[in-house]
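*Asks:* Quick one, entry14.txt (compact mmCIF, C-alpha atoms and all ligand atoms):
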# COMPACT_ATOMS: atom_id res chain seq x y z
CA MET R 331 2.46 -21.93 4.96
CA SER R 332 0.48 -20.50 2.07
CA HIS R 333 -3.16 -20.03 3.09
CA VAL R 334 -4.45 -18.35 -0.05
CA GLN R 335 -2.82 -18.99 -3.36
CA LEU R 336 -3.50 -17.27 -6.66
CA LYS R 337 -2.19 -18.94 -9.76
CA ASN R 338 -1.89 -17.09 -13.05
CA ILE R 339 -5.08 -15.07 -12.65
CA LYS R 340 -6.22 -13.21 -15.75
CA LYS R 341 -9.24 -10.96 -16.05
CA THR R 342 -10.36 -8.81 -18.95
CA TYR R 343 -13.27 -6.39 -19.31
CA GLY R 344 -13.99 -6.25 -23.04
CA SER R 345 -10.65 -5.36 -24.59
CA HIS R 346 -9.19 -4.02 -21.32
CA VAL R 347 -6.86 -6.41 -19.50
CA ALA R 348 -7.42 -5.69 -15.80
CA LEU R 349 -5.25 -8.54 -14.44
CA LYS R 350 -2.47 -9.86 -16.63
CA ASP R 351 -1.01 -12.94 -14.98
CA VAL R 352 -1.19 -12.58 -11.24
CA SER R 353 0.32 -15.24 -9.01
CA LEU R 354 0.52 -14.68 -5.26
CA SER R 355 1.01 -16.69 -2.13
CA ILE R 356 -0.50 -15.35 1.08
CA ASP R 357 0.61 -16.80 4.41
CA ARG R 358 -1.82 -17.97 7.07
CA GLY R 359 -2.55 -15.25 9.60
CA SER R 360 -0.77 -12.55 7.64
CA PHE R 361 -1.94 -9.06 6.80
CA PHE R 362 -1.41 -8.83 3.05
CA THR R 363 -2.02 -5.53 1.28
CA LEU R 364 -2.64 -4.84 -2.40
CA LEU R 365 -1.26 -1.37 -3.09
CA GLY R 366 -1.32 0.55 -6.34
CA PRO R 367 -2.72 3.52 -8.22
CA SER R 368 -6.35 3.83 -9.26
CA GLY R 369 -7.28 1.36 -11.97
CA CYS R 370 -4.36 -1.04 -11.40
CA GLY R 371 -6.68 -3.97 -10.67
CA LYS R 372 -6.84 -4.15 -6.85
CA THR R 373 -10.62 -4.40 -6.57
CA THR R 374 -10.78 -6.78 -9.51
CA LEU R 375 -8.36 -9.11 -7.75
CA LEU R 376 -10.13 -8.88 -4.40
CA ARG R 377 -13.50 -9.59 -6.00
CA ALA R 378 -12.07 -12.62 -7.74
CA ILE R 379 -10.92 -13.99 -4.36
CA ALA R 380 -14.36 -13.20 -2.88
CA GLY R 381 -16.10 -14.96 -5.74
CA PHE R 382 -18.07 -11.90 -6.86
CA HIS R 383 -16.79 -12.53 -10.32
CA GLN R 384 -14.97 -15.27 -12.14
CA GLN R 385 -11.47 -14.80 -13.46
CA ASP R 386 -11.00 -15.64 -17.15
CA ALA R 387 -8.05 -17.91 -16.43
CA GLY R 388 -6.07 -19.14 -13.47
CA GLU R 389 -6.91 -20.69 -10.14
CA ILE R 390 -7.59 -19.61 -6.56
CA LEU R 391 -6.74 -21.99 -3.74
CA LEU R 392 -7.75 -21.73 -0.09
CA GLU R 393 -5.91 -24.10 2.24
CA GLY R 394 -4.67 -25.96 -0.80
CA GLN R 395 -8.15 -26.56 -2.25
CA SER R 396 -9.41 -24.83 -5.37
CA ILE R 397 -12.32 -22.49 -4.64
CA SER R 398 -12.55 -21.14 -8.18
CA HIS R 399 -15.78 -23.04 -8.89
CA LEU R 400 -17.51 -22.00 -5.62
CA GLY R 401 -20.00 -19.13 -5.39
CA ALA R 402 -19.26 -16.19 -3.10
CA ASN R 403 -21.41 -17.50 -0.24
CA LYS R 404 -19.63 -20.87 -0.25
CA ARG R 405 -16.08 -19.55 -0.02
CA ASN R 406 -15.99 -18.75 3.66
CA VAL R 407 -14.55 -15.30 3.19
CA GLY R 408 -15.70 -12.05 4.81
CA MET R 409 -15.71 -8.80 2.88
CA VAL R 410 -15.61 -5.19 4.05
CA PHE R 411 -16.37 -2.46 1.51
CA GLN R 412 -15.28 1.13 1.09
CA ASP R 413 -18.84 2.49 1.35
CA TYR R 414 -19.69 0.39 4.47
CA ALA R 415 -22.59 -1.30 2.62
CA VAL R 416 -24.70 -1.54 5.78
CA PHE R 417 -28.43 -2.08 5.38
CA PRO R 418 -29.99 1.31 6.24
CA HIS R 419 -33.30 -0.14 7.44
CA LEU R 420 -31.73 -2.63 9.89
CA SER R 421 -30.36 -1.91 13.36
CA VAL R 422 -26.69 -2.46 14.12
CA PHE R 423 -27.57 -5.78 15.74
CA ASP R 424 -29.65 -6.96 12.78
CA ASN R 425 -27.03 -5.83 10.28
CA VAL R 426 -24.43 -7.94 12.02
CA ALA R 427 -26.83 -10.86 12.57
CA PHE R 428 -27.80 -10.94 8.89
CA GLY R 429 -25.29 -13.55 7.71
CA LEU R 430 -26.02 -15.84 10.64
CA VAL R 431 -29.80 -15.58 10.11
CA GLN R 432 -29.22 -16.62 6.50
CA GLN R 433 -27.30 -19.63 7.77
CA LYS R 434 -30.41 -20.42 9.89
CA LEU R 435 -28.45 -20.73 13.11
CA PRO R 436 -30.37 -21.03 16.40
CA VAL R 437 -31.51 -17.66 17.76
CA ALA R 438 -29.58 -18.05 21.02
CA GLU R 439 -26.34 -18.70 19.17
CA ILE R 440 -26.93 -15.73 16.88
CA ARG R 441 -27.48 -13.45 19.90
CA GLU R 442 -24.33 -14.68 21.56
CA ARG R 443 -22.10 -14.37 18.51
CA VAL R 444 -23.40 -10.94 17.51
CA ALA R 445 -23.00 -9.63 21.07
CA ALA R 446 -19.44 -10.95 21.23
CA ILE R 447 -18.35 -9.43 17.93
CA LEU R 448 -20.05 -6.10 18.71
CA ALA R 449 -18.05 -5.97 21.92
CA THR R 450 -14.89 -6.73 19.96
CA VAL R 451 -15.43 -3.78 17.62
CA GLN R 452 -16.61 -1.59 20.53
CA LEU R 453 -20.17 -1.21 19.34
CA ASP R 454 -21.95 -3.11 22.12
CA GLN R 455 -23.42 0.15 23.40
CA HIS R 456 -24.97 0.87 20.02
CA ALA R 457 -26.56 -2.47 19.13
CA GLN R 458 -30.06 -1.03 18.79
CA ARG R 459 -29.13 2.08 16.81
CA MET R 460 -29.93 2.51 13.16
CA PRO R 461 -27.03 3.13 10.74
CA HIS R 462 -27.97 6.78 10.19
CA GLN R 463 -27.43 7.34 13.93
CA LEU R 464 -23.80 6.28 13.61
CA SER R 465 -20.64 8.12 12.55
CA GLY R 466 -18.73 6.95 9.47
CA GLY R 467 -16.17 5.20 11.65
CA GLN R 468 -18.90 3.40 13.61
CA GLN R 469 -20.65 2.36 10.40
CA GLN R 470 -17.41 0.86 9.19
CA ARG R 471 -17.10 -1.04 12.47
CA VAL R 472 -20.54 -2.50 11.69
CA GLY R 473 -19.17 -3.53 8.29
CA LEU R 474 -16.20 -5.15 10.00
CA ALA R 475 -18.37 -6.93 12.60
CA ARG R 476 -20.66 -8.23 9.89
CA ALA R 477 -17.73 -9.66 7.95
CA LEU R 478 -16.15 -11.24 11.03
CA VAL R 479 -19.26 -12.70 12.67
CA ILE R 480 -19.47 -15.49 10.11
CA ARG R 481 -15.98 -16.57 11.24
CA PRO R 482 -14.46 -16.41 7.78
CA LYS R 483 -11.19 -18.10 6.94
CA VAL R 484 -10.08 -14.98 5.13
CA LEU R 485 -11.01 -11.35 5.63
CA LEU R 486 -11.07 -9.16 2.52
CA MET R 487 -11.17 -5.37 2.82
CA ASP R 488 -11.47 -2.94 -0.08
CA GLU R 489 -10.32 0.56 0.94
CA PRO R 490 -12.34 0.37 4.16
CA LEU R 491 -10.96 3.63 5.52
CA SER R 492 -11.02 5.90 2.51
CA ASN R 493 -14.35 7.57 3.36
CA LEU R 494 -13.18 8.58 6.82
CA ASP R 495 -11.36 11.73 7.87
CA ALA R 496 -7.61 11.57 8.39
CA LYS R 497 -7.58 11.22 12.18
CA LEU R 498 -10.26 8.56 12.29
CA ARG R 499 -8.51 6.69 9.51
CA VAL R 500 -5.37 6.34 11.59
CA GLU R 501 -7.38 5.33 14.66
CA LEU R 502 -9.40 2.66 12.88
CA ARG R 503 -6.28 1.45 11.09
CA ARG R 504 -4.74 0.65 14.48
CA ASP R 505 -7.93 -1.10 15.60
CA ILE R 506 -8.12 -3.19 12.45
CA ARG R 507 -4.50 -4.26 12.77
CA SER R 508 -4.77 -5.24 16.41
CA LEU R 509 -8.06 -7.07 15.80
CA GLN R 510 -6.48 -8.94 12.91
CA GLN R 511 -3.55 -9.93 15.09
CA THR R 512 -5.77 -11.00 18.01
CA LEU R 513 -8.03 -13.08 15.78
CA ASP R 514 -5.02 -14.26 13.78
CA ILE R 515 -7.07 -14.00 10.62
CA THR R 516 -5.55 -14.01 7.14
CA THR R 517 -6.42 -10.61 5.70
CA VAL R 518 -6.19 -9.25 2.18
CA TYR R 519 -6.48 -5.49 2.28
CA VAL R 520 -6.73 -3.01 -0.57
CA THR R 521 -5.51 0.56 -0.46
CA HIS R 522 -3.94 3.14 -2.71
CA ASP R 523 -2.52 4.94 0.32
CA GLN R 524 1.12 3.92 0.56
CA GLU R 525 1.57 5.11 4.13
CA GLU R 526 -1.44 3.09 5.24
CA ALA R 527 -0.08 0.04 3.42
CA LEU R 528 3.35 0.33 5.02
CA SER R 529 2.04 0.85 8.52
CA ILE R 530 -0.58 -1.90 8.65
CA SER R 531 0.88 -4.81 6.66
CA ASP R 532 3.05 -7.87 7.07
CA GLN R 533 3.41 -8.05 3.28
CA VAL R 534 2.78 -5.40 0.67
CA CYS R 535 2.03 -6.28 -2.95
CA VAL R 536 2.57 -3.32 -5.27
CA MET R 537 0.54 -3.49 -8.49
CA HIS R 538 0.58 -1.47 -11.69
CA ASP R 539 -1.57 -1.98 -14.79
CA GLY R 540 -2.75 -5.43 -13.70
CA VAL R 541 0.78 -6.68 -13.04
CA VAL R 542 2.41 -7.41 -9.68
CA GLN R 543 5.54 -5.27 -9.38
CA GLN R 544 6.84 -6.48 -6.03
CA VAL R 545 5.79 -8.41 -2.96
CA GLY R 546 7.71 -7.82 0.24
CA THR R 547 7.69 -6.58 3.80
CA PRO R 548 7.04 -2.85 4.19
CA TRP R 549 10.73 -2.39 4.97
CA ILE R 550 11.87 -4.14 1.78
CA VAL R 551 9.35 -2.42 -0.48
CA TYR R 552 10.40 0.97 0.87
CA ASN R 553 14.15 0.43 1.06
CA ARG R 554 14.70 -2.03 -1.78
CA PRO R 555 12.02 -1.16 -4.35
CA ALA R 556 12.20 -3.78 -7.12
CA ASN R 557 11.90 -1.19 -9.85
CA ARG R 558 11.48 2.47 -10.53
CA PHE R 559 7.69 2.29 -10.49
CA VAL R 560 7.74 1.01 -6.90
CA ALA R 561 10.40 3.55 -5.95
CA THR R 562 8.18 6.31 -7.31
CA PHE R 563 4.86 5.09 -5.93
CA VAL R 564 5.95 4.13 -2.41
CA GLY R 565 7.13 7.19 -0.53
CA SER R 566 8.84 10.00 -2.40
CA ASN R 567 12.11 9.87 -4.21
CA ASN R 568 14.46 12.11 -6.17
CA PHE R 569 15.75 10.68 -9.43
CA LEU R 570 19.06 11.83 -10.88
CA PRO R 571 20.49 10.83 -14.25
CA VAL R 572 23.72 8.84 -14.21
CA ALA R 573 26.44 9.48 -16.79
CA LEU R 574 29.45 7.23 -17.37
CA GLU R 575 32.94 8.65 -17.81
CA GLY R 576 35.34 7.20 -20.36
CA ALA R 577 36.68 4.69 -17.85
CA GLY R 578 33.16 3.60 -16.97
CA GLN R 579 33.10 5.60 -13.77
CA PRO R 580 29.53 6.76 -13.04
CA LEU R 581 28.91 10.44 -12.58
CA VAL R 582 25.97 11.87 -10.66
CA LEU R 583 25.61 15.65 -10.81
CA GLY R 584 28.97 15.68 -12.57
CA GLN R 585 30.79 13.98 -9.70
CA SER R 586 32.09 10.45 -9.60
CA LEU R 587 30.41 7.99 -7.30
CA ALA R 588 31.44 4.52 -6.20
CA VAL R 589 28.71 2.10 -7.27
CA PRO R 590 28.24 -1.66 -7.50
CA LYS R 591 29.67 -3.39 -10.60
CA SER R 592 26.22 -4.50 -11.67
CA VAL R 593 25.40 -0.85 -12.25
CA THR R 594 28.33 0.05 -14.49
CA SER R 595 28.02 -3.20 -16.47
CA GLN R 596 24.61 -1.97 -17.66
CA GLY R 597 26.13 0.87 -19.69
CA ALA R 598 25.12 4.42 -18.99
CA ASN R 599 22.21 5.08 -21.29
CA GLY R 600 19.17 6.02 -19.26
CA LEU R 601 20.50 4.82 -15.89
CA VAL R 602 19.08 6.70 -12.94
CA ALA R 603 20.08 7.08 -9.31
CA SER R 604 17.43 7.63 -6.65
CA ILE R 605 17.68 9.26 -3.28
CA ARG R 606 15.01 9.53 -0.60
CA PRO R 607 14.35 13.12 0.63
CA GLU R 608 15.03 12.13 4.24
CA LYS R 609 18.52 10.87 3.32
CA ILE R 610 19.66 14.30 2.15
CA VAL R 611 21.79 16.17 4.63
CA VAL R 612 21.42 19.95 4.54
CA ASN R 613 24.27 22.30 5.49
CA GLU R 614 26.20 19.58 7.24
CA ALA R 615 29.32 17.69 6.19
CA LEU R 616 29.04 13.94 5.66
CA SER R 617 31.20 11.77 7.87
CA GLU R 618 31.08 8.95 5.32
CA PRO R 619 31.87 8.79 1.59
CA GLY R 620 29.28 10.49 -0.58
CA LEU R 621 28.44 13.51 -2.69
CA HIS R 622 28.24 17.15 -1.75
CA PHE R 623 26.54 19.67 -3.99
CA GLY R 624 25.07 23.13 -3.84
CA GLY R 625 21.56 24.45 -4.40
CA VAL R 626 19.14 27.25 -3.72
CA VAL R 627 16.01 26.91 -1.57
CA ARG R 628 12.87 27.47 -3.63
CA GLN R 629 10.26 26.49 -1.05
CA ALA R 630 10.27 25.58 2.65
CA MET R 631 7.21 23.94 4.24
CA PHE R 632 6.94 23.19 7.94
CA THR R 633 4.59 20.28 8.67
CA GLY R 634 5.11 20.11 12.43
CA ARG R 635 7.12 16.91 12.40
CA GLU R 636 9.52 17.92 9.65
CA LEU R 637 10.65 20.62 7.26
CA GLN R 638 10.11 19.92 3.56
CA LEU R 639 12.56 21.77 1.37
CA THR R 640 12.38 22.14 -2.39
CA ILE R 641 15.85 22.97 -3.59
CA GLU R 642 17.02 23.92 -7.04
CA VAL R 643 20.27 22.19 -7.86
CA THR R 644 22.27 23.94 -10.56
CA GLY R 645 22.35 21.90 -13.74
CA HIS R 646 19.73 19.44 -12.52
CA GLY R 647 16.50 21.03 -11.40
CA LEU R 648 14.43 20.56 -8.26
CA ILE R 649 15.22 18.18 -5.43
CA GLU R 650 13.12 17.46 -2.35
CA ALA R 651 14.79 17.20 1.05
CA LEU R 652 13.25 16.44 4.43
CA THR R 653 14.95 17.66 7.56
CA GLU R 654 14.35 18.01 11.25
CA PRO R 655 12.77 21.40 11.84
CA SER R 656 15.60 22.72 14.01
CA ALA R 657 15.81 26.46 14.72
CA VAL R 658 18.52 26.84 12.07
CA MET R 659 16.55 24.93 9.44
CA ILE R 660 13.30 26.75 10.14
CA ALA R 661 15.08 30.02 9.35
CA LEU R 662 15.76 28.88 5.75
CA LYS R 663 13.80 30.84 3.19
CA PRO R 664 13.45 30.91 -0.59
CA GLY R 665 16.60 32.21 -2.23
CA ASP R 666 18.99 30.94 0.47
CA ALA R 667 21.97 28.98 -0.77
CA VAL R 668 22.39 25.54 0.83
CA ARG R 669 24.93 22.77 0.70
CA LEU R 670 23.53 19.25 0.34
CA GLY R 671 25.14 15.92 1.11
CA VAL R 672 24.16 12.34 0.28
CA ARG R 673 26.02 9.26 1.49
CA ALA R 674 27.10 6.97 -1.35
CA GLU R 675 25.32 4.02 0.24
CA ASP R 676 22.00 5.86 0.28
CA PHE R 677 21.81 5.95 -3.51
CA LEU R 678 19.91 3.23 -5.35
CA PHE R 679 20.35 2.67 -9.08
CA PHE R 680 17.75 1.67 -11.64
CA ALA R 681 17.91 0.36 -15.17
CA PRO R 682 16.55 2.63 -17.92
CA GLY R 683 12.83 3.27 -18.34
CA VAL R 684 9.94 4.23 -16.10
CA SER R 685 9.87 0.74 -14.62
CA GLY R 686 13.60 -0.02 -14.85
CA ALA R 687 14.73 -2.71 -12.39
CA LEU R 688 16.75 -2.03 -9.25
CA LEU R 689 20.44 -2.72 -9.87
CA GLN R 690 22.30 -4.12 -6.91
N1 LIG P 701 -17.11 -3.82 -14.70
C1 LIG P 701 -16.13 -3.29 -15.43
N2 LIG P 701 -16.24 -3.09 -16.75
C2 LIG P 701 -15.23 -2.57 -17.47
N3 LIG P 701 -14.05 -2.21 -16.96
C3 LIG P 701 -13.85 -2.37 -15.65
C4 LIG P 701 -14.89 -2.90 -14.81
N4 LIG P 701 -14.42 -2.94 -13.54
C5 LIG P 701 -13.16 -2.44 -13.60
N5 LIG P 701 -12.82 -2.10 -14.85
C6 LIG P 701 -11.52 -1.56 -15.29
O1 LIG P 701 -10.50 -2.46 -14.89
C7 LIG P 701 -9.38 -1.77 -14.36
C8 LIG P 701 -9.12 -2.21 -12.94
O2 LIG P 701 -10.20 -1.78 -12.13
P1 LIG P 701 -10.22 -1.96 -10.55
O3 LIG P 701 -11.55 -1.54 -10.08
O4 LIG P 701 -9.78 -3.33 -10.21
O5 LIG P 701 -9.09 -0.91 -10.12
P2 LIG P 701 -8.61 -0.50 -8.65
O6 LIG P 701 -7.15 -0.78 -8.58
O7 LIG P 701 -9.48 -1.11 -7.63
O8 LIG P 701 -8.80 1.10 -8.70
P3 LIG P 701 -9.33 2.12 -7.54
O9 LIG P 701 -8.12 2.42 -6.68
O10 LIG P 701 -9.74 3.31 -8.34
O11 LIG P 701 -10.46 1.47 -6.82
C9 LIG P 701 -9.70 -0.29 -14.51
O12 LIG P 701 -9.10 0.19 -15.67
C10 LIG P 701 -11.21 -0.25 -14.62
O13 LIG P 701 -11.63 0.83 -15.40
MG MG P 702 -10.85 -0.34 -6.25
What is this structure when it is put down as structure tokens?

*Replies:*
Amino acid sequence: MSHVQLKNIKKTYGSHVALKDVSLSIDRGSFFTLLGPSGCGKTTLLRAIAGFHQQDAGEILLEGQSISHLGANKRNVGMVFQDYAVFPHLSVFDNVAFGLVQQKLPVAEIRERVAAILATVQLDQHAQRMPHQLSGGQQQRVGLARALVIRPKVLLMDEPLSNLDAKLRVELRRDIRSLQQTLDITTVYVTHDQEEALSISDQVCVMHDGVVQQVGTPWIVYNRPANRFVATFVGSNNFLPVALEGAGQPLVLGQSLAVPKSVTSQGANGLVASIRPEKIVVNEALSEPGLHFGGVVRQAMFTGRELQLTIEVTGHGLIEALTEPSAVMIALKPGDAVRLGVRAEDFLFFAPGVSGALLQ
């Protein structure tokens, strides 16, 4: 059931349209992530849900009731910010207690609730510390505890991990996800990190220029990107032009390829095929129908988990391939000739234009 509903939200700053016509339905208890490049409107949308600013048009519903007219402190939502936003002059305990003190709850209840939430975010040992005595990750846990202690119906988080180093980011990401699942709290999360979005979310909403491009599970958004923008922004992709032969047979890299009818019925002008780097087979024959083509290694980068190859394909240009770093693969060096293979079913096709729709 839809817990938070956004209907036709519009927001402009002067002449700049930050949100064009955003409608979303967010399920109860789900982890819903707004993903998109800088400036696409993620924070604007989150702040509209929080009530920090009013949208110009459209409606926001929580549990079926409009909250558009309510101020931020009446909406029953908790917010976690990128820069932690802890009060520097208050102890961890007092930072977390702040919202409850404002609600004028009895002191004993405040103590109990703050202690419980500090234990949940593993800060119970640090209740009396001041923020400057905490690491970035611990400060963000204070931010999280402060948002959760008011028992909000919805938790909103705006890039909460982006000020942390890479290792801590992954650690806290796991903690946030498991806390969200334990508390079963509807969460709207903002990030421009596609890997973070895929790994943490039930649903990912990809935005571009104030417009929702696609909403789907991480698996769908990655494997069935609705358009070329999503295919480009989420993960990496190689794009190859598609030509049509006289008989309407599509050609990729000059070779014919079996494709769905919906693709050929589009006509050839500007059609593109995409292929994920990890789907490219290097120096190995395909056991299923597909394309084979030759290239020359231009760069080989070993990342520990994988080998990233940049390969120049004659008549096309550069293609990225990801392979297992086997002993044979690791020996590849710039200038080596390689044979590449891609299964026909691993190609996706997109209509013309930078945001051409997926054809299937
Ligand atoms: N107060 C403001 N006045 C004018 N323009 C604004 C204001 N706030 C945001 N904008 C503009 O609206 C657009 C959306 O901004 P927003 O902060 O929502 O982007 P974002 O997706 O959160 O980006 P980032 O990933 O950089 O945080 C941007 O083009 C931004 O410059
Ligand atoms: Mg932002």

*Asks:* Ranking R:Asp495, R:Glu654, R:Asp351, R:Asp523 by minimum distance to ligand LIG 701 (chain P) and counting only C-alpha atoms and all ligand atoms, which one comes first?

*Replies:* R:Asp523

*Asks:* How many Å separate CA of Phe559 in chain R from CA of Met537 in chain R?

*Replies:*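 If I compute the distance from CA of Phe559 in chain R to CA of Met537 in chain R, I get 9.4 Å.
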
*Asks:* Find the residues near Pro418 in chain R: any atom within 10 Å, counting all atoms listed in the file, skip ones fewer than 3 places away on the same chain, and give them as a VMD selection string.

*Replies:* chain R and resid 415 421 to 422 425 460 to 462

*Asks:* Find the residues near range 403-411 of chain R: any atom within 10 Å, counting only C-alpha atoms, skip ones fewer than 5 places away on the same chain, and give them as an MDAnalysis selection string.

*Replies:* chainID R and resid 376:377 379:382 392 397:398 416 429 470:492 516:520

*Asks:* Please report as a tab-separated table every residue of chain R lying within 10 Å of ligand LIG 701 (chain P), along with the nearest atom pair and their distance in Å (one decimal), using only C-alpha atoms and all ligand atoms.

*Replies:*
residue	atom	partner	partner_atom	distance
R:Lys341	CA	P:LIG701	O1	8.7
R:Thr342	CA	P:LIG701	O1	7.5
R:Tyr343	CA	P:LIG701	C2	4.7
R:Gly344	CA	P:LIG701	C2	6.8
R:Ser345	CA	P:LIG701	C2	8.9
R:His346	CA	P:LIG701	O1	6.7
R:Val347	CA	P:LIG701	O1	7.1
R:Ala348	CA	P:LIG701	O1	4.6
R:Leu349	CA	P:LIG701	C8	7.6
R:Leu364	CA	P:LIG701	O6	8.7
R:Leu365	CA	P:LIG701	O6	8.1
R:Gly366	CA	P:LIG701	O6	6.4
R:Pro367	CA	P:LIG701	O9	5.7
R:Ser368	CA	P:LIG701	O9	3.4
R:Gly369	CA	P:LIG701	O5	3.4
R:Cys370	CA	P:LIG701	O6	4.0
R:Gly371	CA	P:LIG701	O4	3.2
R:Lys372	CA	P:LIG701	O6	3.8
R:Thr373	CA	P:LIG701	O7	3.6
R:Thr374	CA	P:LIG701	O4	3.7
R:Leu375	CA	P:LIG701	O4	6.4
R:Leu376	CA	P:LIG701	O4	8.0
R:Arg377	CA	P:LIG701	O4	8.4
R:Ala378	CA	P:LIG701	O4	9.9
R:His383	CA	P:LIG701	N1	9.8
R:Gln412	CA	P:LIG701	O11	9.3
R:Asp488	CA	P:LIG701	O7	8.0
R:Glu489	CA	P:LIG701	O11	7.8
R:Val520	CA	P:LIG701	O7	7.8
R:Thr521	CA	P:LIG701	O9	7.0
R:His522	CA	P:LIG701	O9	5.8
R:Asp523	CA	P:LIG701	O9	9.3
R:Met537	CA	P:LIG701	O6	8.2
R:His538	CA	P:LIG701	O6	8.4
R:Asp539	CA	P:LIG701	C8	7.8
R:Gly540	CA	P:LIG701	C8	7.2

*Asks:* Between CA of His399 in chain R and CA of Met331 in chain R, what distance in Å does the model show, to one decimal?

*Replies:* 22.9 Å

*Asks:* Separation of CA of Val542 in chain R and CA of Glu525 in chain R, in Å?

*Replies:*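 Separating CA of Val542 in chain R from CA of Glu525 in chain R is a distance of 18.7 Å.
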
*Asks:* Compare R:Ala402, R:Leu574, R:Leu513, R:Asp413 by their minimum atom-to-atom distance to ligand MG 702 (chain P), counting only C-alpha atoms and all ligand atoms, and give me the closest one.

*Replies:*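 Counting only C-alpha atoms and all ligand atoms, the residue closest to ligand MG 702 (chain P) is R:Asp413.
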
*Asks:* Between R:Pro548, R:Asp514, R:Val564, R:Val626, single out the one closest to Leu528 in chain R, counting all atoms listed in the file.

*Replies:*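 Ranked by minimum distance to Leu528 in chain R, first place goes to R:Pro548.
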
*Asks:* Can you list, as a ChimeraX atom specification, every protein, DNA or RNA residue that comes within 8 Å of range 594-610 of chain R when you count only C-alpha atoms, leaving out same-chain residues fewer than 4 positions away?

*Replies:* /R:566-574,578-580,582,589-590,649-653,670-673,676-683

*Asks:* Restricting the calculation to all atoms listed in the file, which member of R:Leu400, R:Met659, R:Ile390, R:Val560 is positioned closest to His333 in chain R?

*Replies:* R:Ile390

*Asks:* Return the single residue from R:Gln544, R:Ile506, R:Val627, R:Pro664 that is closest to Ser531 in chain R, with distances computed using all atoms listed in the file.

*Replies:*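 Using all atoms listed in the file, the shortest distance to Ser531 in chain R belongs to R:Ile506.
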
*Asks:* Name the closest residue to Val534 in chain R among the candidates R:Ser355, R:Ser586, R:Gln511, R:Ser592; distances are taken between atoms, counting only C-alpha atoms.

*Replies:*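 Smallest distance to Val534 in chain R is found for R:Ser355.
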
*Asks:* Please output range 367-380 of chain R, rebuilt to include N, CA and C atoms, as a compact mmCIF listing (two decimals), in the frame of the given file.

*Replies:*
# COMPACT_ATOMS: atom_id res chain seq x y z
N PRO R 367 -1.93 2.36 -7.81
CA PRO R 367 -2.72 3.52 -8.22
C PRO R 367 -4.11 3.10 -8.69
N SER R 368 -4.98 4.07 -8.81
CA SER R 368 -6.35 3.83 -9.26
C SER R 368 -6.33 3.12 -10.61
N GLY R 369 -7.15 2.07 -10.70
CA GLY R 369 -7.28 1.36 -11.97
C GLY R 369 -6.27 0.25 -12.18
N CYS R 370 -5.41 -0.03 -11.19
CA CYS R 370 -4.36 -1.04 -11.40
C CYS R 370 -4.87 -2.46 -11.23
N GLY R 371 -6.12 -2.63 -10.75
CA GLY R 371 -6.68 -3.97 -10.67
C GLY R 371 -6.87 -4.52 -9.26
N LYS R 372 -6.74 -3.69 -8.24
CA LYS R 372 -6.84 -4.15 -6.85
C LYS R 372 -8.22 -4.73 -6.54
N THR R 373 -9.26 -3.94 -6.85
CA THR R 373 -10.62 -4.40 -6.57
C THR R 373 -10.96 -5.63 -7.40
N THR R 374 -10.53 -5.63 -8.64
CA THR R 374 -10.78 -6.78 -9.51
C THR R 374 -10.20 -8.05 -8.89
N LEU R 375 -9.00 -7.94 -8.35
CA LEU R 375 -8.36 -9.11 -7.75
C LEU R 375 -9.08 -9.54 -6.48
N LEU R 376 -9.45 -8.57 -5.65
CA LEU R 376 -10.13 -8.88 -4.40
C LEU R 376 -11.49 -9.55 -4.67
N ARG R 377 -12.19 -9.03 -5.67
CA ARG R 377 -13.50 -9.59 -6.00
C ARG R 377 -13.39 -10.99 -6.58
N ALA R 378 -12.29 -11.26 -7.23
CA ALA R 378 -12.07 -12.62 -7.74
C ALA R 378 -11.87 -13.58 -6.57
N ILE R 379 -11.13 -13.13 -5.54
CA ILE R 379 -10.92 -13.99 -4.36
C ILE R 379 -12.27 -14.19 -3.65
N ALA R 380 -13.07 -13.12 -3.57
CA ALA R 380 -14.36 -13.20 -2.88
C ALA R 380 -15.36 -14.06 -3.63
